Amino acid sequence: MINDKRIIYSGMQATGTLTLGNYLGALKNWVTLSSEYECIYGVMDLHSLTVRQVPAKFRKSARSIYALYVAAGLDPEKNCIYYQSHVSGHAELSWILGCFTYMGELNRMTQFKDKSAKHADNINAGLYTYPVLMAADILLYQADLVPIGVDQKQHLEITRDIAQRFNAIYGDVFTVPEAYVPKTGAKIMSLQDPMKKMSKSDENVNATILLLDSKDDILRKFKRAVTDSDSAVRYAEEKPGISNLMGIYSCVTGKSFEEIEKEFDGRGYGDFKAAVGEAVADALAPLKARYQELMADKAYLDSMIKMNDEKAQYYASKTLRKVQKKVGLTERIR
Ligand code: TYM
């Protein structure tokens, strides 16, 4: 608890830019939940080092993602939005928790398997211990709730296991967090291959909607989205392309699948794809405008970054000191 409120913690990798999947699966829900909870959101730059980065480009992406969090509606004066690498406690706790994590557990992580296949020339130890750092992120802030998309659920489960194992030995040190996975939007699929998750690293530019895409690009990408040969706008497992578009439309308009089916009854896919494109472009327009303003106001963003770094550092050091003491590390002489 901070200020008598339960704590939310989440974050996104600091590379590239954000996708509609990141937005509907996570960011949009962060904004919705932010009034009820004390919220802490990291720009996860340490996690991004598991893949080689071009330093100058990487720094720019990290700042852009910080601005996108704020542009999406997170008030940095109320929510603690900070860079993971600015709080050294993440790496310190990660080491300690690594000593409470079994290789068998890490071997089971599906994201490690997927990423090793994708980066076969650079299967580094960081990629392997990635979930331990993520557990450290969450446990450092004693989070109650972690809003994420489906692909991060396994990492949340291992976080819970590590926390419970540690608590069983040392008493109630960590809050055991719960995942918050939205009913719709938790797994937005590629527009070019609806069996694959929408991802910022997809080589096919038409597969992914980026939050900063122009309206024309958004409309064009939806127009080209892969669907099936049928023409009925109906939600069904055997129609993954159209079901994905219905999920997106439902998330941005708040309409149920039944309402959408009624709205497009007797109208073809062309009409529906155009409507989804328009709805997404409209939903993202204010975010894009706010983003441009924020990126132009260096002093404001810098002051928010500085203030929140200090706040995050304060919360993190409280947990870290407690953990260090519990495991028997020698206390510092002050
Ligand atoms: P990342 O950067 O891959 O994704 C950030 C968030 O966006 C969600 N997401 C999606 N949701 C729906 N459909 C999609 N196509 C889609 N793509 C991404 C993810 O589920 C995630 O919630 N390891 C994390 C970052 C992280 C983190 C943390 C998250 C590091 N430490 C602590 C929560 C708590 C990651 O790589 O997310």
# chains A, B, ... in the order shown; residues from 1 in each chain; ligands from 1

$ residues_around --residues "Ala163 of chain A" --least-positions-apart "3" --cutoff "8 Å" --atoms "only C-alpha atoms" --output "PyMOL selection string"
chain A and resi 139+159-160+166-167+174-176

$ residues_near_ligand --ligand "ligand 1" --cutoff "7 Å" --atoms "only C-alpha atoms and all ligand atoms" --output "number ranges by chain"
A: 9-13, 21-26, 44, 47, 133-135, 137-138, 146-152, 185-189, 197-199

$ write_last_selection --atoms "N, CA, C and O atoms" --output "CSV table (one decimal), in the first residue's frame"
chain,number,residue,atom,x,y,z
A,9,TYR,N,1.8,-2.1,-10.9
A,9,TYR,CA,3.1,-2.0,-11.5
A,9,TYR,C,3.0,-2.6,-12.9
A,9,TYR,O,2.5,-3.7,-13.1
A,10,SER,N,3.6,-1.9,-13.9
A,10,SER,CA,3.7,-2.6,-15.2
A,10,SER,C,4.8,-1.8,-16.0
A,10,SER,O,5.3,-0.8,-15.5
A,11,GLY,N,5.1,-2.3,-17.2
A,11,GLY,CA,6.1,-1.6,-18.0
A,11,GLY,C,6.1,-2.2,-19.4
A,11,GLY,O,5.5,-3.3,-19.7
A,12,MET,N,6.9,-1.6,-20.3
A,12,MET,CA,7.0,-2.0,-21.6
A,12,MET,C,8.5,-1.9,-22.0
A,12,MET,O,9.2,-1.0,-21.5
A,13,GLN,N,8.9,-2.8,-22.9
A,13,GLN,CA,10.3,-2.7,-23.4
A,13,GLN,C,10.5,-1.3,-24.1
A,13,GLN,O,9.6,-0.7,-24.7
A,21,GLY,N,-1.2,-3.3,-30.2
A,21,GLY,CA,-1.3,-4.4,-29.3
A,21,GLY,C,-0.8,-4.0,-27.9
A,21,GLY,O,-1.5,-4.2,-26.9
A,22,ASN,N,0.3,-3.2,-27.8
A,22,ASN,CA,0.7,-2.7,-26.6
A,22,ASN,C,-0.4,-1.8,-25.9
A,22,ASN,O,-0.6,-1.8,-24.7
A,23,TYR,N,-1.0,-1.0,-26.8
A,23,TYR,CA,-2.0,-0.1,-26.3
A,23,TYR,C,-3.3,-0.8,-25.8
A,23,TYR,O,-3.7,-0.6,-24.6
A,24,LEU,N,-3.8,-1.7,-26.6
A,24,LEU,CA,-5.1,-2.3,-26.2
A,24,LEU,C,-4.9,-3.4,-25.1
A,24,LEU,O,-5.7,-3.6,-24.3
A,25,GLY,N,-3.7,-4.0,-25.2
A,25,GLY,CA,-3.5,-5.1,-24.2
A,25,GLY,C,-3.0,-4.6,-22.9
A,25,GLY,O,-3.3,-5.2,-21.9
A,26,ALA,N,-2.4,-3.4,-22.9
A,26,ALA,CA,-1.9,-2.9,-21.6
A,26,ALA,C,-2.1,-1.4,-21.4
A,26,ALA,O,-2.9,-1.1,-20.5
A,44,MET,N,11.1,-0.1,-19.7
A,44,MET,CA,12.0,-1.2,-19.3
A,44,MET,C,13.2,-1.3,-20.3
A,44,MET,O,13.3,-2.1,-21.1
A,47,HIS,N,15.7,-4.5,-19.8
A,47,HIS,CA,15.2,-5.7,-20.6
A,47,HIS,C,15.6,-5.6,-22.1
A,47,HIS,O,15.8,-6.6,-22.7
A,133,LEU,N,14.5,-10.7,-13.8
A,133,LEU,CA,14.6,-9.2,-13.8
A,133,LEU,C,13.1,-8.7,-13.7
A,133,LEU,O,12.8,-7.7,-13.0
A,134,MET,N,12.2,-9.3,-14.5
A,134,MET,CA,10.8,-8.9,-14.5
A,134,MET,C,10.2,-9.1,-13.1
A,134,MET,O,9.5,-8.3,-12.6
A,135,ALA,N,10.6,-10.2,-12.5
A,135,ALA,CA,10.1,-10.5,-11.1
A,135,ALA,C,10.6,-9.4,-10.1
A,135,ALA,O,9.9,-8.9,-9.3
A,137,ASP,N,11.4,-6.3,-10.9
A,137,ASP,CA,10.7,-5.1,-11.2
A,137,ASP,C,9.4,-5.0,-10.3
A,137,ASP,O,9.1,-4.0,-9.7
A,138,ILE,N,8.6,-6.1,-10.4
A,138,ILE,CA,7.3,-6.1,-9.8
A,138,ILE,C,7.4,-6.2,-8.3
A,138,ILE,O,6.7,-5.5,-7.6
A,146,VAL,N,-0.8,-6.4,-11.7
A,146,VAL,CA,0.1,-6.1,-12.9
A,146,VAL,C,-0.7,-6.2,-14.2
A,146,VAL,O,-1.0,-7.3,-14.6
A,147,PRO,N,-1.1,-5.1,-14.8
A,147,PRO,CA,-1.9,-5.2,-16.0
A,147,PRO,C,-1.0,-5.5,-17.2
A,147,PRO,O,-0.1,-4.7,-17.5
A,148,ILE,N,-1.3,-6.6,-17.8
A,148,ILE,CA,-0.4,-7.1,-18.9
A,148,ILE,C,-1.3,-7.8,-20.0
A,148,ILE,O,-2.5,-8.1,-19.7
A,149,GLY,N,-0.7,-8.0,-21.2
A,149,GLY,CA,-1.4,-8.8,-22.2
A,149,GLY,C,-1.1,-10.3,-21.9
A,149,GLY,O,-0.3,-10.6,-21.0
A,150,VAL,N,-1.8,-11.2,-22.6
A,150,VAL,CA,-1.6,-12.6,-22.4
A,150,VAL,C,-0.2,-13.1,-22.5
A,150,VAL,O,0.2,-14.0,-21.7
A,151,ASP,N,0.6,-12.6,-23.4
A,151,ASP,CA,2.0,-13.1,-23.6
A,151,ASP,C,2.9,-12.9,-22.3
A,151,ASP,O,3.9,-13.6,-22.3
A,152,GLN,N,2.5,-12.1,-21.4
A,152,GLN,CA,3.3,-11.9,-20.2
A,152,GLN,C,2.8,-12.7,-19.0
A,152,GLN,O,3.4,-12.6,-17.9
A,185,GLY,N,-8.8,-7.7,-26.1
A,185,GLY,CA,-7.6,-6.9,-26.4
A,185,GLY,C,-6.3,-7.5,-25.8
A,185,GLY,O,-5.2,-7.0,-26.0
A,186,ALA,N,-6.4,-8.6,-25.0
A,186,ALA,CA,-5.2,-9.2,-24.4
A,186,ALA,C,-4.3,-9.8,-25.3
A,186,ALA,O,-3.1,-10.0,-25.0
A,187,LYS,N,-4.7,-10.1,-26.5
A,187,LYS,CA,-3.8,-10.6,-27.5
A,187,LYS,C,-4.3,-10.2,-28.9
A,187,LYS,O,-5.1,-10.8,-29.6
A,188,ILE,N,-3.8,-9.0,-29.3
A,188,ILE,CA,-4.1,-8.5,-30.6
A,188,ILE,C,-3.2,-9.2,-31.6
A,188,ILE,O,-2.0,-9.3,-31.4
A,189,MET,N,-3.8,-9.7,-32.7
A,189,MET,CA,-3.0,-10.5,-33.7
A,189,MET,C,-2.5,-9.6,-34.8
A,189,MET,O,-3.0,-8.5,-35.1
A,197,LYS,N,1.0,-13.1,-33.0
A,197,LYS,CA,0.8,-11.9,-32.2
A,197,LYS,C,1.2,-10.6,-33.0
A,197,LYS,O,2.3,-10.7,-33.6
A,198,MET,N,0.5,-9.5,-32.8
A,198,MET,CA,1.0,-8.3,-33.4
A,198,MET,C,2.2,-7.9,-32.6
A,198,MET,O,2.2,-7.8,-31.4
A,199,SER,N,3.3,-7.6,-33.4
A,199,SER,CA,4.6,-7.3,-32.7
A,199,SER,C,5.3,-6.2,-33.4
A,199,SER,O,5.3,-6.0,-34.6

$ atom_distance --atom1 "atom CA of Gly104 of chain A" --atom2 "atom CA of Thr129 of chain A"
11.8 Å

$ residues_around --residues "Lys113 of chain A" --least-positions-apart "6" --cutoff "10 Å" --atoms "only C-alpha atoms" --output "number ranges by chain"
A: 106-107, 123, 127-128

$ residues_around --residues "Asp144 of chain A" --least-positions-apart "4" --cutoff "7 Å" --atoms "only C-alpha atoms" --output "mmCIF file with N, CA, C and O atoms, in the first residue's frame"
data_model
loop_
_atom_site.group_PDB
_atom_site.id
_atom_site.type_symbol
_atom_site.label_atom_id
_atom_site.label_comp_id
_atom_site.auth_asym_id
_atom_site.auth_seq_id
_atom_site.Cartn_x
_atom_site.Cartn_y
_atom_site.Cartn_z
ATOM 1 N N ARG A 6 -3.914 0.463 -3.119
ATOM 2 C CA ARG A 6 -3.207 -0.707 -3.625
ATOM 3 C C ARG A 6 -2.307 -0.291 -4.785
ATOM 4 O O ARG A 6 -2.544 0.721 -5.425
ATOM 5 N N ILE A 7 -1.303 -1.117 -5.045
ATOM 6 C CA ILE A 7 -0.268 -0.702 -6.001
ATOM 7 C C ILE A 7 -0.360 -1.469 -7.320
ATOM 8 O O ILE A 7 -0.499 -2.696 -7.334
ATOM 9 N N ILE A 8 -0.261 -0.705 -8.391
ATOM 10 C CA ILE A 8 -0.183 -1.306 -9.734
ATOM 11 C C ILE A 8 1.226 -1.091 -10.244
ATOM 12 O O ILE A 8 1.813 -0.008 -10.080
ATOM 13 N N THR A 175 4.694 -8.726 -1.476
ATOM 14 C CA THR A 175 3.285 -8.877 -1.852
ATOM 15 C C THR A 175 3.259 -9.812 -3.056
ATOM 16 O O THR A 175 4.063 -9.651 -3.977
ATOM 17 N N VAL A 176 2.360 -10.800 -3.025
ATOM 18 C CA VAL A 176 2.267 -11.715 -4.174
ATOM 19 C C VAL A 176 1.287 -11.096 -5.181
ATOM 20 O O VAL A 176 0.105 -10.935 -4.874
ATOM 21 N N PRO A 177 1.782 -10.691 -6.352
ATOM 22 C CA PRO A 177 0.938 -9.904 -7.274
ATOM 23 C C PRO A 177 -0.042 -10.751 -8.078
ATOM 24 O O PRO A 177 0.183 -11.941 -8.313
ATOM 25 N N GLU A 178 -1.111 -10.108 -8.497
ATOM 26 C CA GLU A 178 -2.107 -10.740 -9.386
ATOM 27 C C GLU A 178 -1.941 -10.120 -10.773
ATOM 28 O O GLU A 178 -1.641 -8.931 -10.891
#

$ closest_residue --among "A:Pro194, A:Lys326, A:Met109, A:Asn204" --to "Glu157 of chain A" --atoms "only C-alpha atoms"
A:Met109

$ select_by_dssp --residues "segment 108-307 of chain A" --states "strand (DSSP E or B)" --output "list in words"
Leu145, Val146, Pro147, Glu178, Ala179, Tyr180, Met189, Lys197 and Leu210 of chain A

$ write_last_selection --atoms "N, CA and C atoms" --output "PDB file, in the first residue's frame"
ATOM      1  N   LEU A 145      -1.215  -5.552  -8.290  1.00  0.00           N
ATOM      2  CA  LEU A 145      -1.827  -5.872  -9.577  1.00  0.00           C
ATOM      3  C   LEU A 145      -0.885  -5.495 -10.717  1.00  0.00           C
ATOM      4  N   VAL A 146      -0.822  -6.364 -11.732  1.00  0.00           N
ATOM      5  CA  VAL A 146       0.076  -6.114 -12.869  1.00  0.00           C
ATOM      6  C   VAL A 146      -0.734  -6.224 -14.162  1.00  0.00           C
ATOM      7  N   PRO A 147      -1.118  -5.090 -14.759  1.00  0.00           N
ATOM      8  CA  PRO A 147      -1.892  -5.151 -16.002  1.00  0.00           C
ATOM      9  C   PRO A 147      -0.992  -5.466 -17.202  1.00  0.00           C
ATOM     10  N   GLU A 178      -1.111 -10.108  -8.497  1.00  0.00           N
ATOM     11  CA  GLU A 178      -2.107 -10.740  -9.386  1.00  0.00           C
ATOM     12  C   GLU A 178      -1.941 -10.120 -10.773  1.00  0.00           C
ATOM     13  N   ALA A 179      -2.219 -10.925 -11.805  1.00  0.00           N
ATOM     14  CA  ALA A 179      -2.211 -10.377 -13.168  1.00  0.00           C
ATOM     15  C   ALA A 179      -3.561  -9.729 -13.452  1.00  0.00           C
ATOM     16  N   TYR A 180      -3.549  -8.649 -14.202  1.00  0.00           N
ATOM     17  CA  TYR A 180      -4.797  -8.084 -14.721  1.00  0.00           C
ATOM     18  C   TYR A 180      -4.722  -8.207 -16.233  1.00  0.00           C
ATOM     19  N   MET A 189      -3.756  -9.676 -32.719  1.00  0.00           N
ATOM     20  CA  MET A 189      -2.976 -10.465 -33.667  1.00  0.00           C
ATOM     21  C   MET A 189      -2.491  -9.615 -34.843  1.00  0.00           C
ATOM     22  N   LYS A 197       0.987 -13.100 -33.020  1.00  0.00           N
ATOM     23  CA  LYS A 197       0.758 -11.882 -32.213  1.00  0.00           C
ATOM     24  C   LYS A 197       1.227 -10.631 -32.966  1.00  0.00           C
ATOM     25  N   LEU A 210       1.201   0.992 -35.656  1.00  0.00           N
ATOM     26  CA  LEU A 210       2.006   1.696 -34.655  1.00  0.00           C
ATOM     27  C   LEU A 210       1.187   2.881 -34.142  1.00  0.00           C
TER      28      LEU A 210
END

$ residues_around --residues "Ala289 of chain A" --least-positions-apart "3" --cutoff "12 Å" --atoms "only C-alpha atoms" --output "ChimeraX atom specification"
/A:67-68,70-73,211-214,282-286,292-296

$ select_by_dssp --residues "segment 50-294 of chain A" --states "helix (DSSP H, G or I)" --output "ChimeraX atom specification"
/A:55-71,84-86,89-98,103-107,110-118,125-140,150-170,205-207,215-223,240-253,257-263,269-294

$ atom_distance --atom1 "atom CA of Ser94 of chain A" --atom2 "atom CA of Leu74 of chain A"
27.1 Å

$ residues_around --residues "Asp75 of chain A" --least-positions-apart "2" --cutoff "12 Å" --atoms "only C-alpha atoms" --output "PyMOL selection string"
chain A and resi 30-32+34-35+38-41+66-73+77-81+301+304+308

$ atom_distance --atom1 "atom CA of Ser85 of chain A" --atom2 "atom CA of His155 of chain A"
19.7 Å
